[in-house]
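S.K.: My questions all concern the structure below.
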Amino acid sequence: MRADRLVSLVLLLRQRGRLSATALARELEVSTRTVLRDIEALSAAGVPVHSERGRHGGFALLPGFRTELTGLTHDEALALLVAGSRRGPQAFGLGSALASAMLKVVDALPESQRDAAARVAERLLVDPGTDLLARRQDADDIPGPIAAEVRRAVLSGHRLRIRYEAVDRPPEWRTVDPLGLVTVREQTYLLATRAGADRTYRLSRVRAAEELAEPAARPERVDLERAWQERGRRFRTGGDQVTALVRVAPEHREPLVATALAVLTEEPDAAEPGEPGTHGWLRLEVAFQDARHAEWALWQLAPHAEALSPQWLRTTLHDRATAVGAHYRARS
C-alpha cells in the first residue's frame, strides 16, 4: 500500500508542480506527518524531490524528472479518464485506487497530449448526479473497510460473514457464499448464495463484514449479467406486485415504461365508439411493485393515461380526482 502511495506522490508532483505537505496529505488521504515520512523515503531512494520554504513553498521535483508508463494509446487513456471522471471512483470501494490510476494514466501520455486529453475529458460526462428533471441519483454510502472486506472475499473465493440489516428488521449475522458485486445507478449489491439459495444483499445495509478462511461453495465461473437479470425477473414477479391494463398516449409511453417494473404486453388501442381523444393510443399490460406504486404512476400521467383494469385501481384514481376537483372548486 505504501509503495502505491509513493508512486502517487511522485505523480502528483510531476503533474502539478510544487505542492505543500497539507495539499499532498489531502490528495493522498493521509496525515501531513505521513507525507513528510514519504518524502524522506523518496529522497533516500534517489528520487530528486526537494523542499522550498516560504509562503508559497512546498515540495517539488527537479525539472525534467519523469516516471515511465508505456503501452497506452491516446484514446485508451481518454477512455479511462472519462470512465473515472464521475461515478466510477466509488464503485466497489475502489475510490483511492482509481484516483491513483488516473494520475498514472495522465502521466503515461506524451507531454504534448497530456493537457489536450484532460481538456477533452472535461467535454464528456457519464451518468451525472441528476437527470433533466433535477431528480437526484443518490449514491449508496458504504464504509471503505466494509467494501474492501466484501471485495476481498468475492475475489479470493472465500466465504463471507456479514451483519446485515434488512428493511424493518434488526441487524443479524449471516454466512454467505459470495458470487459477485453489481453496481446499478450508484447502488451496489452483493450476489451470493446462503445454504444453496440465491440471495441479493444491498451493500449499504451491511453493518460489518468478515472474510472467512474457508472456500466459498460456488461455481468456478459466473455470468453476472445473466444472474442479475434472473434475480430481477424473480423480484418483479413476487411480493405484492400489481398488474394493470393501461391505455396511454404514445408521447407518454416512455415515462410509463420507465417507472413500471415490466411491460408484459403491448398493442395499439382500439378505442371504443364515443371515446374521443384516444386515437392512436397504446394499450399496455404493465407490472407495478404494489398498489401504491400503480396509483402513483398513473396519477402522474393523468389525463394522458387511463387504467382500464383492475376496477379497484380505476375507482381509487376516480375518487382521488374527485377529491382534488372538489378542493379547488371550494376555493375558486
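Going through the C-alpha cells in order, the chains are called A, B, and so on, while each chain numbers its residues from 1 and the ligands are numbered from 1 in the order shown.
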Enumerate, as a PyMOL selection string, the complete set of residues in segment 123-227 of chain A that a backbone-based DSSP assignment places in strand (DSSP E or B).
M.R.: chain A and resi 130+136+158-164+172-184+187-194+197-202+206-215
S.K.: Skipping near chain neighbours, those fewer than 4 positions away, what residues fall within 10 Å of Ala25 of chain A using only C-alpha atoms, listed as a list in words?
M.R.: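 Surrounding residues, per the criterion: Leu9, Leu19, Ser20, Ala21, Glu29, Val30, Ser31, Thr32, Arg33, Thr34, Val35 and Leu36 of chain A.
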S.K.: Could you dump the residues just selected with N, CA, C and O atoms as a PDB file, in the first residue's frame?
M.R.:
```
ATOM      1  N   LEU A   9       2.394   9.999  -4.968  1.00  0.00           N
ATOM      2  CA  LEU A   9       3.009  11.254  -4.533  1.00  0.00           C
ATOM      3  C   LEU A   9       3.913  11.821  -5.623  1.00  0.00           C
ATOM      4  O   LEU A   9       3.870  13.016  -5.931  1.00  0.00           O
ATOM      5  N   LEU A  19       3.810  21.472  -4.366  1.00  0.00           N
ATOM      6  CA  LEU A  19       2.634  21.296  -3.517  1.00  0.00           C
ATOM      7  C   LEU A  19       3.071  21.273  -2.060  1.00  0.00           C
ATOM      8  O   LEU A  19       4.132  20.735  -1.730  1.00  0.00           O
ATOM      9  N   SER A  20       2.264  21.842  -1.199  1.00  0.00           N
ATOM     10  CA  SER A  20       2.566  21.844   0.232  1.00  0.00           C
ATOM     11  C   SER A  20       2.281  20.475   0.831  1.00  0.00           C
ATOM     12  O   SER A  20       1.564  19.646   0.235  1.00  0.00           O
ATOM     13  N   ALA A  21       2.817  20.237   2.022  1.00  0.00           N
ATOM     14  CA  ALA A  21       2.554  18.971   2.708  1.00  0.00           C
ATOM     15  C   ALA A  21       1.068  18.815   3.000  1.00  0.00           C
ATOM     16  O   ALA A  21       0.513  17.709   2.922  1.00  0.00           O
ATOM     17  N   GLU A  29      -5.076  11.416   1.184  1.00  0.00           N
ATOM     18  CA  GLU A  29      -5.935  10.989   2.291  1.00  0.00           C
ATOM     19  C   GLU A  29      -5.117  10.381   3.429  1.00  0.00           C
ATOM     20  O   GLU A  29      -5.447   9.320   3.978  1.00  0.00           O
ATOM     21  N   VAL A  30      -4.016  11.056   3.787  1.00  0.00           N
ATOM     22  CA  VAL A  30      -3.175  10.652   4.909  1.00  0.00           C
ATOM     23  C   VAL A  30      -2.855  11.892   5.728  1.00  0.00           C
ATOM     24  O   VAL A  30      -3.264  13.013   5.388  1.00  0.00           O
ATOM     25  N   SER A  31      -2.101  11.738   6.807  1.00  0.00           N
ATOM     26  CA  SER A  31      -1.704  12.867   7.640  1.00  0.00           C
ATOM     27  C   SER A  31      -0.475  13.557   7.047  1.00  0.00           C
ATOM     28  O   SER A  31       0.260  12.970   6.244  1.00  0.00           O
ATOM     29  N   THR A  32      -0.244  14.814   7.449  1.00  0.00           N
ATOM     30  CA  THR A  32       0.956  15.522   6.983  1.00  0.00           C
ATOM     31  C   THR A  32       2.219  14.832   7.480  1.00  0.00           C
ATOM     32  O   THR A  32       3.245  14.840   6.790  1.00  0.00           O
ATOM     33  N   ARG A  33       2.154  14.233   8.662  1.00  0.00           N
ATOM     34  CA  ARG A  33       3.327  13.503   9.178  1.00  0.00           C
ATOM     35  C   ARG A  33       3.674  12.340   8.253  1.00  0.00           C
ATOM     36  O   ARG A  33       4.855  12.071   7.996  1.00  0.00           O
ATOM     37  N   THR A  34       2.653  11.640   7.753  1.00  0.00           N
ATOM     38  CA  THR A  34       2.906  10.544   6.814  1.00  0.00           C
ATOM     39  C   THR A  34       3.529  11.062   5.527  1.00  0.00           C
ATOM     40  O   THR A  34       4.438  10.445   4.964  1.00  0.00           O
ATOM     41  N   VAL A  35       3.062  12.217   5.058  1.00  0.00           N
ATOM     42  CA  VAL A  35       3.635  12.809   3.847  1.00  0.00           C
ATOM     43  C   VAL A  35       5.117  13.110   4.054  1.00  0.00           C
ATOM     44  O   VAL A  35       5.961  12.823   3.183  1.00  0.00           O
ATOM     45  N   LEU A  36       5.463  13.673   5.195  1.00  0.00           N
ATOM     46  CA  LEU A  36       6.871  14.006   5.456  1.00  0.00           C
ATOM     47  C   LEU A  36       7.724  12.745   5.498  1.00  0.00           C
ATOM     48  O   LEU A  36       8.859  12.741   4.985  1.00  0.00           O
TER      49      LEU A  36
END
```
S.K.: So which one's closest to Arg202 of chain A, A:Ile142, A:Leu284, A:Val248, A:Ala216? Using only C-alpha atoms, please.
M.R.: A:Ile142
S.K.: Write out as a list in words each polymer residue whose atoms come within 12 Å of Ala41 of chain A, counting only C-alpha atoms; drop sequence neighbours fewer than 2 positions from it.
M.R.: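 The neighbour list is Arg2, Ala3, Arg5, Leu6, Val7, Leu9, Val10, Thr34, Val35, Leu36, Arg37, Asp38, Ile39, Ser43, Ala44, Ala45, Gly46, Val47, Pro48 and Val49 of chain A.
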S.K.: Just to be explicit: take each residue in the selection above, keep N, CA and C atoms, and write the result as a tab-separated table (two decimals), in the first residue's frame.
M.R.:
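Output file out-v6.tsv follows:
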```
chain	number	residue	atom	x	y	z
A	2	ARG	N	1.98	1.24	0.80
A	2	ARG	CA	2.83	2.42	0.85
A	2	ARG	C	3.51	2.65	-0.50
A	3	ALA	N	3.90	1.56	-1.20
A	3	ALA	CA	4.54	1.72	-2.49
A	3	ALA	C	3.62	2.44	-3.47
A	5	ARG	N	1.27	4.51	-2.67
A	5	ARG	CA	1.16	5.90	-2.24
A	5	ARG	C	2.38	6.72	-2.66
A	6	LEU	N	3.56	6.12	-2.61
A	6	LEU	CA	4.77	6.82	-3.02
A	6	LEU	C	4.73	7.15	-4.51
A	7	VAL	N	4.23	6.19	-5.30
A	7	VAL	CA	4.09	6.45	-6.74
A	7	VAL	C	3.11	7.59	-6.98
A	9	LEU	N	2.39	10.00	-4.97
A	9	LEU	CA	3.01	11.25	-4.53
A	9	LEU	C	3.91	11.82	-5.62
A	10	VAL	N	4.74	10.96	-6.23
A	10	VAL	CA	5.62	11.40	-7.31
A	10	VAL	C	4.81	11.93	-8.49
A	34	THR	N	2.65	11.64	7.75
A	34	THR	CA	2.91	10.54	6.81
A	34	THR	C	3.53	11.06	5.53
A	35	VAL	N	3.06	12.22	5.06
A	35	VAL	CA	3.64	12.81	3.85
A	35	VAL	C	5.12	13.11	4.05
A	36	LEU	N	5.46	13.67	5.19
A	36	LEU	CA	6.87	14.01	5.46
A	36	LEU	C	7.72	12.75	5.50
A	37	ARG	N	7.21	11.68	6.09
A	37	ARG	CA	7.96	10.42	6.10
A	37	ARG	C	8.12	9.88	4.68
A	38	ASP	N	7.07	10.01	3.85
A	38	ASP	CA	7.17	9.53	2.47
A	38	ASP	C	8.18	10.35	1.67
A	39	ILE	N	8.23	11.63	1.90
A	39	ILE	CA	9.21	12.48	1.21
A	39	ILE	C	10.62	12.03	1.56
A	43	SER	N	13.47	10.56	-1.08
A	43	SER	CA	14.82	11.14	-1.17
A	43	SER	C	15.88	10.06	-0.96
A	44	ALA	N	15.65	9.18	0.02
A	44	ALA	CA	16.60	8.11	0.28
A	44	ALA	C	16.69	7.14	-0.89
A	45	ALA	N	15.59	7.01	-1.66
A	45	ALA	CA	15.59	6.10	-2.81
A	45	ALA	C	16.15	6.75	-4.06
A	46	GLY	N	16.55	8.02	-3.97
A	46	GLY	CA	17.17	8.68	-5.11
A	46	GLY	C	16.23	9.50	-5.97
A	47	VAL	N	14.97	9.64	-5.55
A	47	VAL	CA	14.05	10.49	-6.30
A	47	VAL	C	14.36	11.95	-5.98
A	48	PRO	N	14.61	12.79	-6.99
A	48	PRO	CA	15.06	14.17	-6.75
A	48	PRO	C	13.94	15.09	-6.29
A	49	VAL	N	13.45	14.90	-5.06
A	49	VAL	CA	12.42	15.75	-4.50
A	49	VAL	C	13.08	16.69	-3.49
```
S.K.: What separation in Å, quoted to one decimal, exists between atom CA of Leu160 of chain A and atom CA of Asp140 of chain A?
M.R.: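 Value for the atom CA of Leu160 of chain A-atom CA of Asp140 of chain A distance: 20.6 Å.
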S.K.: Find the residue from A:Ala192, A:Leu308, A:Ala302, A:Ala166 that sits nearest to Ala153 of chain A; use only C-alpha atoms when measuring.
M.R.: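 Closest to Ala153 of chain A, using only C-alpha atoms: A:Ala192.
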S.K.: Can you work out which one of A:Arg218, A:Arg231, A:His304, A:Arg226 has the shortest atom-to-atom distance to Thr200 of chain A, counting only C-alpha atoms?
M.R.: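 Counting only C-alpha atoms, the residue closest to Thr200 of chain A is A:Arg231.
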S.K.: Could you find all residues in segment 120-326 of chain A that DSSP calls helix (DSSP H, G or I) from the backbone, and write them as a PyMOL selection string?
M.R.: chain A and resi 120-121+144-156+203-205+224-236+250-259+291-301+311-326
S.K.: Quick one: pull the distance between atom CA of Ala307 of chain A and atom CA of Arg247 of chain A, Å, one decimal.
M.R.: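 So the answer is 6.4 Å.
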S.K.: Write out as number ranges by chain the residues lying within 7 Å of Phe288 of chain A, counting only C-alpha atoms and excluding same-chain residues fewer than 4 positions away.
M.R.: A: 241-243, 260-261, 293-294
S.K.: Write the residues of the preceding selection, restricted to N, CA, C and O atoms, as a CSV table (one decimal), in the first residue's frame.
M.R.:
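And here is the file that came out, out.csv:
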```
chain,number,residue,atom,x,y,z
A,241,GLN,N,-46.9,-7.5,-6.0
A,241,GLN,CA,-46.9,-6.9,-7.4
A,241,GLN,C,-48.3,-6.8,-7.9
A,241,GLN,O,-49.2,-7.6,-7.6
A,242,VAL,N,-48.6,-5.7,-8.6
A,242,VAL,CA,-49.9,-5.4,-9.2
A,242,VAL,C,-49.7,-5.3,-10.7
A,242,VAL,O,-48.8,-4.7,-11.2
A,243,THR,N,-50.6,-6.0,-11.4
A,243,THR,CA,-50.6,-5.9,-12.9
A,243,THR,C,-51.8,-5.1,-13.3
A,243,THR,O,-53.0,-5.4,-12.8
A,260,ALA,N,-42.6,1.6,-14.5
A,260,ALA,CA,-43.1,0.3,-14.3
A,260,ALA,C,-42.0,-0.7,-14.1
A,260,ALA,O,-40.9,-0.6,-14.5
A,261,LEU,N,-42.4,-1.8,-13.4
A,261,LEU,CA,-41.4,-2.9,-13.2
A,261,LEU,C,-41.2,-3.7,-14.5
A,261,LEU,O,-40.0,-4.1,-14.8
A,293,HIS,N,-47.7,2.0,-5.8
A,293,HIS,CA,-46.8,2.3,-6.9
A,293,HIS,C,-47.7,2.5,-8.2
A,293,HIS,O,-47.5,3.5,-8.9
A,294,ALA,N,-48.7,1.6,-8.4
A,294,ALA,CA,-49.6,1.7,-9.5
A,294,ALA,C,-50.4,3.0,-9.5
A,294,ALA,O,-50.5,3.7,-10.5
```
S.K.: From the list A:Leu190, A:Leu313, A:Ala209, A:Ile146, which residue is nearest Trp299 of chain A when using only C-alpha atoms?
M.R.: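 The closest residue to Trp299 of chain A is A:Leu313.
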